[in-house]
Structure formats: structure tokens, C-alpha cells
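Visitor: Next comes the structure file data.cif, holding mmCIF, C-alpha atoms, pLDDT in the B column; chains and numbers go by the auth columns.
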data_work
#
loop_
_atom_site.group_PDB
_atom_site.id
_atom_site.type_symbol
_atom_site.label_atom_id
_atom_site.label_comp_id
_atom_site.label_asym_id
_atom_site.label_seq_id
_atom_site.Cartn_x
_atom_site.Cartn_y
_atom_site.Cartn_z
_atom_site.B_iso_or_equiv
_atom_site.auth_seq_id
_atom_site.auth_asym_id
ATOM 1 C CA MET A 1 -32.130 82.778 -39.163 50.00 24 A
ATOM 2 C CA THR A 2 -28.682 84.351 -39.300 60.00 25 A
ATOM 3 C CA ASP A 3 -26.406 83.324 -42.167 65.00 26 A
ATOM 4 C CA PHE A 4 -23.070 83.298 -40.340 65.00 27 A
ATOM 5 C CA ASP A 5 -21.237 81.968 -43.417 68.00 28 A
ATOM 6 C CA LEU A 6 -22.369 84.971 -45.449 68.00 29 A
ATOM 7 C CA ILE A 7 -21.274 87.333 -42.658 66.00 30 A
ATOM 8 C CA ALA A 8 -17.851 85.671 -42.507 63.00 31 A
ATOM 9 C CA LYS A 9 -17.381 86.033 -46.265 67.00 32 A
ATOM 10 C CA GLY A 10 -18.372 89.695 -46.148 67.00 33 A
ATOM 11 C CA MET A 11 -15.953 90.735 -43.405 68.00 34 A
ATOM 12 C CA SER A 12 -13.042 91.302 -45.794 64.00 35 A
ATOM 13 C CA GLN A 13 -15.252 93.702 -47.755 67.00 36 A
ATOM 14 C CA ALA A 14 -16.666 95.444 -44.703 73.00 37 A
ATOM 15 C CA VAL A 15 -13.217 95.787 -43.088 76.00 38 A
ATOM 16 C CA PRO A 16 -10.588 96.307 -45.816 70.00 39 A
ATOM 17 C CA LEU A 17 -7.660 95.562 -43.470 80.00 40 A
ATOM 18 C CA VAL A 18 -9.007 92.010 -43.058 78.00 41 A
ATOM 19 C CA GLY A 19 -8.749 91.520 -46.802 78.00 42 A
ATOM 20 C CA TYR A 20 -5.373 93.252 -47.028 80.00 43 A
ATOM 21 C CA LEU A 21 -3.860 90.862 -44.471 85.00 44 A
ATOM 22 C CA ASP A 22 -5.731 87.961 -46.085 88.00 45 A
ATOM 23 C CA LEU A 23 -7.245 86.993 -42.733 92.00 46 A
ATOM 24 C CA ARG A 24 -9.734 84.154 -43.121 91.00 47 A
ATOM 25 C CA VAL A 25 -12.845 84.328 -40.982 91.00 48 A
ATOM 26 C CA GLU A 26 -13.438 80.596 -40.799 91.00 49 A
ATOM 27 C CA ARG A 27 -16.275 80.486 -38.312 92.00 50 A
ATOM 28 C CA ILE A 28 -18.793 82.817 -36.749 91.00 51 A
ATOM 29 C CA ALA A 29 -21.414 81.717 -34.239 90.00 52 A
ATOM 30 C CA ALA A 30 -23.426 83.558 -31.601 88.00 53 A
ATOM 31 C CA GLY A 31 -20.663 85.215 -29.564 93.00 54 A
ATOM 32 C CA GLU A 32 -17.795 83.135 -30.985 95.00 55 A
ATOM 33 C CA ALA A 33 -15.484 83.309 -33.981 95.00 56 A
ATOM 34 C CA THR A 34 -12.377 81.772 -35.490 96.00 57 A
ATOM 35 C CA VAL A 35 -9.952 83.737 -37.682 96.00 58 A
ATOM 36 C CA VAL A 36 -6.807 82.418 -39.369 96.00 59 A
ATOM 37 C CA LEU A 37 -3.711 84.538 -39.965 96.00 60 A
ATOM 38 C CA PRO A 38 -1.801 83.128 -42.944 95.00 61 A
ATOM 39 C CA ASP A 39 1.932 82.572 -42.986 94.00 62 A
ATOM 40 C CA ARG A 40 3.236 85.110 -45.521 93.00 63 A
ATOM 41 C CA ALA A 41 6.689 86.687 -45.781 91.00 64 A
ATOM 42 C CA GLU A 42 5.311 90.239 -45.599 91.00 65 A
ATOM 43 C CA LEU A 43 3.593 89.461 -42.273 90.00 66 A
ATOM 44 C CA ARG A 44 6.813 88.343 -40.573 90.00 67 A
ATOM 45 C CA ASN A 45 9.070 90.456 -38.397 91.00 68 A
ATOM 46 C CA HIS A 46 12.848 90.829 -38.209 92.00 69 A
ATOM 47 C CA VAL A 47 13.286 87.406 -36.548 91.00 70 A
ATOM 48 C CA GLY A 48 11.106 85.565 -39.050 90.00 71 A
ATOM 49 C CA SER A 49 8.055 85.054 -36.835 92.00 72 A
ATOM 50 C CA GLN A 50 4.561 86.452 -37.249 93.00 73 A
ATOM 51 C CA HIS A 51 4.658 90.203 -36.637 94.00 74 A
ATOM 52 C CA ALA A 52 3.115 91.371 -33.357 95.00 75 A
ATOM 53 C CA GLY A 53 0.874 93.794 -35.256 95.00 76 A
ATOM 54 C CA ALA A 54 -0.457 91.004 -37.470 95.00 77 A
ATOM 55 C CA LEU A 55 -1.170 88.859 -34.397 97.00 78 A
ATOM 56 C CA PHE A 56 -2.966 91.776 -32.732 97.00 79 A
ATOM 57 C CA THR A 57 -5.042 92.393 -35.862 95.00 80 A
ATOM 58 C CA ALA A 58 -6.021 88.721 -36.043 97.00 81 A
ATOM 59 C CA ALA A 59 -7.124 88.858 -32.386 97.00 82 A
ATOM 60 C CA GLU A 60 -9.087 92.091 -32.840 96.00 83 A
ATOM 61 C CA THR A 61 -10.712 90.738 -35.998 95.00 84 A
ATOM 62 C CA ALA A 62 -11.746 87.545 -34.216 96.00 85 A
ATOM 63 C CA SER A 63 -13.247 89.605 -31.381 96.00 86 A
ATOM 64 C CA GLY A 64 -15.161 91.734 -33.872 94.00 87 A
ATOM 65 C CA ALA A 65 -16.464 88.645 -35.641 94.00 88 A
ATOM 66 C CA ALA A 66 -17.582 87.185 -32.287 95.00 89 A
ATOM 67 C CA PHE A 67 -19.350 90.473 -31.523 93.00 90 A
ATOM 68 C CA VAL A 68 -21.101 90.382 -34.915 91.00 91 A
ATOM 69 C CA GLY A 69 -22.136 86.794 -34.265 91.00 92 A
ATOM 70 C CA ALA A 70 -23.821 87.840 -31.033 92.00 93 A
ATOM 71 C CA PHE A 71 -25.423 91.019 -32.388 92.00 94 A
ATOM 72 C CA ALA A 72 -26.084 89.977 -36.014 88.00 95 A
ATOM 73 C CA GLU A 73 -29.838 90.486 -35.856 87.00 96 A
ATOM 74 C CA ARG A 74 -29.385 93.955 -34.325 89.00 97 A
ATOM 75 C CA MET A 75 -26.456 95.378 -36.312 86.00 98 A
ATOM 76 C CA GLY A 76 -28.618 98.124 -37.819 87.00 99 A
ATOM 77 C CA GLU A 77 -29.495 99.341 -34.326 91.00 100 A
ATOM 78 C CA VAL A 78 -26.043 99.573 -32.754 93.00 101 A
ATOM 79 C CA ARG A 79 -22.725 101.394 -32.973 93.00 102 A
ATOM 80 C CA PRO A 80 -19.901 99.139 -31.784 93.00 103 A
ATOM 81 C CA LEU A 81 -16.446 100.381 -30.880 93.00 104 A
ATOM 82 C CA ALA A 82 -13.454 98.535 -29.510 94.00 105 A
ATOM 83 C CA ARG A 83 -12.881 100.542 -26.316 96.00 106 A
ATOM 84 C CA SER A 84 -9.564 98.960 -25.327 97.00 107 A
ATOM 85 C CA ALA A 85 -7.410 95.962 -26.043 97.00 108 A
ATOM 86 C CA GLU A 86 -4.596 94.098 -24.371 98.00 109 A
ATOM 87 C CA ILE A 87 -2.451 91.326 -25.770 98.00 110 A
ATOM 88 C CA SER A 88 0.169 89.086 -24.194 98.00 111 A
ATOM 89 C CA TYR A 89 2.676 87.425 -26.485 97.00 112 A
ATOM 90 C CA GLU A 90 3.422 84.034 -24.951 96.00 113 A
ATOM 91 C CA LYS A 91 5.617 82.319 -27.527 95.00 114 A
ATOM 92 C CA ILE A 92 7.252 83.011 -30.896 94.00 115 A
ATOM 93 C CA ALA A 93 4.502 82.603 -33.491 94.00 116 A
ATOM 94 C CA THR A 94 5.552 80.801 -36.633 92.00 117 A
ATOM 95 C CA GLY A 95 3.420 79.448 -39.423 94.00 118 A
ATOM 96 C CA GLU A 96 -0.316 79.917 -39.728 96.00 119 A
ATOM 97 C CA VAL A 97 -1.973 81.193 -36.536 97.00 120 A
ATOM 98 C CA THR A 98 -5.582 80.612 -35.481 98.00 121 A
ATOM 99 C CA ALA A 99 -7.367 83.164 -33.283 98.00 122 A
ATOM 100 C CA ARG A 100 -10.426 81.905 -31.393 98.00 123 A
ATOM 101 C CA ALA A 101 -12.613 84.516 -29.724 98.00 124 A
ATOM 102 C CA ARG A 102 -15.490 84.253 -27.292 97.00 125 A
ATOM 103 C CA LEU A 103 -17.557 86.992 -25.655 97.00 126 A
ATOM 104 C CA GLY A 104 -16.848 87.265 -21.932 95.00 127 A
ATOM 105 C CA VAL A 105 -20.587 87.398 -21.183 95.00 128 A
ATOM 106 C CA PRO A 106 -23.500 85.459 -22.634 94.00 129 A
ATOM 107 C CA ALA A 107 -24.868 87.191 -25.745 91.00 130 A
ATOM 108 C CA ALA A 108 -28.382 87.235 -24.257 92.00 131 A
ATOM 109 C CA GLU A 109 -27.067 89.084 -21.197 94.00 132 A
ATOM 110 C CA ALA A 110 -25.278 91.689 -23.339 94.00 133 A
ATOM 111 C CA LEU A 111 -28.413 92.226 -25.439 93.00 134 A
ATOM 112 C CA ALA A 112 -30.599 92.545 -22.331 94.00 135 A
ATOM 113 C CA THR A 113 -28.264 95.209 -20.914 95.00 136 A
ATOM 114 C CA LEU A 114 -28.291 97.033 -24.237 95.00 137 A
ATOM 115 C CA ASP A 115 -32.109 97.008 -24.230 94.00 138 A
ATOM 116 C CA SER A 116 -32.428 98.215 -20.651 96.00 139 A
ATOM 117 C CA GLU A 117 -29.596 100.766 -20.554 96.00 140 A
ATOM 118 C CA GLY A 118 -29.019 101.704 -24.198 94.00 141 A
ATOM 119 C CA VAL A 119 -25.342 100.828 -23.884 96.00 142 A
ATOM 120 C CA VAL A 120 -23.316 97.784 -22.927 96.00 143 A
ATOM 121 C CA GLU A 121 -19.623 97.070 -22.416 96.00 144 A
ATOM 122 C CA PHE A 122 -18.137 93.618 -22.281 96.00 145 A
ATOM 123 C CA PRO A 123 -14.852 91.820 -22.830 97.00 146 A
ATOM 124 C CA CYS A 124 -14.062 89.387 -25.582 97.00 147 A
ATOM 125 C CA GLU A 125 -11.344 86.849 -24.815 98.00 148 A
ATOM 126 C CA ILE A 126 -9.092 85.601 -27.606 98.00 149 A
ATOM 127 C CA GLU A 127 -6.544 82.788 -27.740 98.00 150 A
ATOM 128 C CA LEU A 128 -4.083 82.567 -30.632 98.00 151 A
ATOM 129 C CA GLN A 129 -2.526 79.196 -31.426 98.00 152 A
ATOM 130 C CA ASP A 130 0.056 77.986 -33.908 95.00 153 A
ATOM 131 C CA GLY A 131 -0.332 74.929 -36.134 91.00 154 A
ATOM 132 C CA ASP A 132 0.821 72.630 -33.316 93.00 155 A
ATOM 133 C CA GLY A 133 -1.906 73.935 -30.998 95.00 156 A
ATOM 134 C CA ALA A 134 0.519 75.860 -28.787 96.00 157 A
ATOM 135 C CA THR A 135 -0.775 79.162 -27.433 98.00 158 A
ATOM 136 C CA VAL A 136 1.317 81.977 -28.904 97.00 159 A
ATOM 137 C CA ALA A 137 -0.720 84.894 -27.522 98.00 160 A
ATOM 138 C CA THR A 138 -3.828 85.757 -25.543 98.00 161 A
ATOM 139 C CA ALA A 139 -5.816 88.955 -25.830 98.00 162 A
ATOM 140 C CA THR A 140 -8.807 90.762 -24.420 98.00 163 A
ATOM 141 C CA VAL A 141 -10.763 93.348 -26.380 98.00 164 A
ATOM 142 C CA ARG A 142 -13.337 95.422 -24.491 98.00 165 A
ATOM 143 C CA TRP A 143 -16.313 96.348 -26.646 96.00 166 A
ATOM 144 C CA HIS A 144 -18.530 99.378 -26.123 96.00 167 A
ATOM 145 C CA VAL A 145 -21.883 99.050 -27.891 96.00 168 A
ATOM 146 C CA ARG A 146 -24.437 101.833 -27.991 96.00 169 A
ATOM 147 C CA ARG A 147 -27.959 101.637 -29.327 92.00 170 A
ATOM 148 C CA VAL A 148 -28.549 104.257 -32.016 91.00 171 A
ATOM 149 C CA GLU A 149 -31.861 105.712 -32.923 77.00 172 A
ATOM 150 C CA PRO A 150 -32.842 105.665 -36.580 65.00 173 A
ATOM 151 C CA ALA A 151 -32.808 109.081 -38.203 55.00 174 A
ATOM 152 C CA ALA A 152 -36.185 110.714 -37.895 49.00 175 A
ATOM 153 C CA ALA A 153 -38.067 111.298 -41.121 47.00 176 A
ATOM 154 C CA PRO A 154 -38.951 114.940 -41.800 50.00 177 A
ATOM 155 C CA GLU A 155 -42.488 115.855 -40.907 54.00 178 A
ATOM 156 C CA ALA A 156 -44.909 116.235 -43.782 51.00 179 A
ATOM 157 C CA GLY A 157 -44.962 119.816 -45.001 50.00 180 A
ATOM 158 C CA ALA A 158 -41.839 120.786 -43.087 49.00 181 A
ATOM 159 C CA ALA A 159 -39.386 122.994 -44.929 49.00 182 A
ATOM 160 C CA SER A 160 -36.072 121.399 -45.719 43.00 183 A
ATOM 161 C CA ALA A 161 -32.672 122.997 -45.310 46.00 184 A
ATOM 162 C CA ASP A 162 -32.322 122.905 -49.091 45.00 185 A
ATOM 163 C CA ALA A 163 -35.374 125.092 -49.678 41.00 186 A
#
Can you dump the structure from the file as C-alpha cells?
Guide:
Amino acid sequence: MTDFDLIAKGMSQAVPLVGYLDLRVERIAAGEATVVLPDRAELRNHVGSQHAGALFTAAETASGAAFVGAFAERMGEVRPLARSAEISYEKIATGEVTARARLGVPAAEALATLDSEGVVEFPCEIELQDGDGATVATATVRWHVRRVEPAAAPEAGAASADA
């Protein structure tokens, strides 16, 4: 059984930028996640709204958390990379902003492709909303996930490079 709460708490340690921005990973489920961007003076831009870079980081973090939720049981077997990202700023973002992410394909489908082909790419869709529930931005992050083989153990009796 996957402990999504423990994963959410560990994200700020695993990804230092998450902790630096004080992003709160509030929810992780299989292929879904919710991240909250706080309202802090140092995260605002020249017009007093949430900085575009902070909004982007909240969206990317939510997509990563959704990915982890889908692949949690297999994290030791994969190398994930955000391949591309696109964001559309819809409205001035003031106050706390919530980013909700969902994989663009069912997690089981992504895992099946990974198993059969060794690699899978898929989108993750993110919606960012202000405290009133208004959409302030939407984003798509395309993930590229490759299966990695564990390092082979040296054969018994084989000379090492240190010898």
C-alpha cells in the first residue's frame, strides 16, 4: 500500500526548490496531485500578483507529484524527466493559488506502455486557481519516463578497477 501522505511530506526534501518556495503538496493520489502556492511578498511580481515563475513552478511541482502518485511503486525502476511544458496565464493571480494536476492518460496505461516498450511519454494537465476558485492559469507538462536497469553486480572472482 502506498503512503501518499508520506510522499507528499518528503517532496520538499527531495526537491529543494519546493521547500524554498514553501509549496505545500496537499494531496497525492494515483495520477493526481494538489499543490498550494502561498501568498508571500517575495513571490510577487512588479504589479503585486503571484510571479509567473512561481505559478509555473507550482504547476510543474503538481505534475511531478501526480507522476509520483502514478508510479510510486516503481520509482526505483524509472528515470522521469519533464520533456516540455507550456503554461497559459489566464488572469492576474493574487493570494494563495492551488494547482491541481492529473495525468493525461490512465496510470495503468502508462505503466503498461513502460513495461512493453521500456519508455513512455504522456501529458499531465494542470489547472491553477485562486482562492475564489477562478482559473488563473492552465499548464501541460509532458513527462518522459524510461525504465532503468539496476546496476549489475560484479561477477564473483572478477577483478575490480581498483585492483
Visitor: Would you mind reading off the distance between atom CA of A:Gly54 and atom CA of A:Ile149, one decimal, in Å?
Guide: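 Going from atom CA of A:Gly54 over to atom CA of A:Ile149, I get 11.7 Å.
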Visitor: Once the PyMOL selection byres ((chain A and resi 42-44) around 10) has been applied to the shown file, what residues remain in the selection, as a list in words?
Guide: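 Expected selection for the PyMOL selection byres ((chain A and resi 42-44) around 10) here is Gly33, Met34, Ser35, Gln36, Ala37, Val38, Pro39, Leu40, Val41, Asp45, Leu46, Arg47, Leu60, Pro61, Arg63, Glu65, Leu66, Ala77, Thr80 and Ala81 of chain A.
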Visitor: Go ahead and write the selection's residues with C-alpha atoms as a PDB file, in the frame of the given file.
Guide:
ATOM      1  CA  GLY A  33     -18.372  89.695 -46.148  1.00 67.00           C
ATOM      2  CA  MET A  34     -15.953  90.735 -43.405  1.00 68.00           C
ATOM      3  CA  SER A  35     -13.042  91.302 -45.794  1.00 64.00           C
ATOM      4  CA  GLN A  36     -15.252  93.702 -47.755  1.00 67.00           C
ATOM      5  CA  ALA A  37     -16.666  95.444 -44.703  1.00 73.00           C
ATOM      6  CA  VAL A  38     -13.217  95.787 -43.088  1.00 76.00           C
ATOM      7  CA  PRO A  39     -10.588  96.307 -45.816  1.00 70.00           C
ATOM      8  CA  LEU A  40      -7.660  95.562 -43.470  1.00 80.00           C
ATOM      9  CA  VAL A  41      -9.007  92.010 -43.058  1.00 78.00           C
ATOM     10  CA  ASP A  45      -5.731  87.961 -46.085  1.00 88.00           C
ATOM     11  CA  LEU A  46      -7.245  86.993 -42.733  1.00 92.00           C
ATOM     12  CA  ARG A  47      -9.734  84.154 -43.121  1.00 91.00           C
ATOM     13  CA  LEU A  60      -3.711  84.538 -39.965  1.00 96.00           C
ATOM     14  CA  PRO A  61      -1.801  83.128 -42.944  1.00 95.00           C
ATOM     15  CA  ARG A  63       3.236  85.110 -45.521  1.00 93.00           C
ATOM     16  CA  GLU A  65       5.311  90.239 -45.599  1.00 91.00           C
ATOM     17  CA  LEU A  66       3.593  89.461 -42.273  1.00 90.00           C
ATOM     18  CA  ALA A  77      -0.457  91.004 -37.470  1.00 95.00           C
ATOM     19  CA  THR A  80      -5.042  92.393 -35.862  1.00 95.00           C
ATOM     20  CA  ALA A  81      -6.021  88.721 -36.043  1.00 97.00           C
TER      21      ALA A  81
END
Visitor: So what do you get for atom CA of A:Glu172 versus atom CA of A:Ala95, distance-wise?
Guide: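 Separating atom CA of A:Glu172 from atom CA of A:Ala95 is a distance of 17.0 Å.
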Visitor: Atom CA of A:Thr121 and atom CA of A:Trp166 are how many Å apart?
Guide: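 For atom CA of A:Thr121 relative to atom CA of A:Trp166, the distance reads 21.0 Å.
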Visitor: Considering all atoms listed in the file, return as a list in words whatever protein or nucleic-acid residues lie within 8 Å of A:Ala105, sequence-local ones (same chain, fewer than 3 positions apart) excluded.
Guide: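 My list of contacting residues is Ala108, Val164, Arg165, Trp166 and His167 of chain A.
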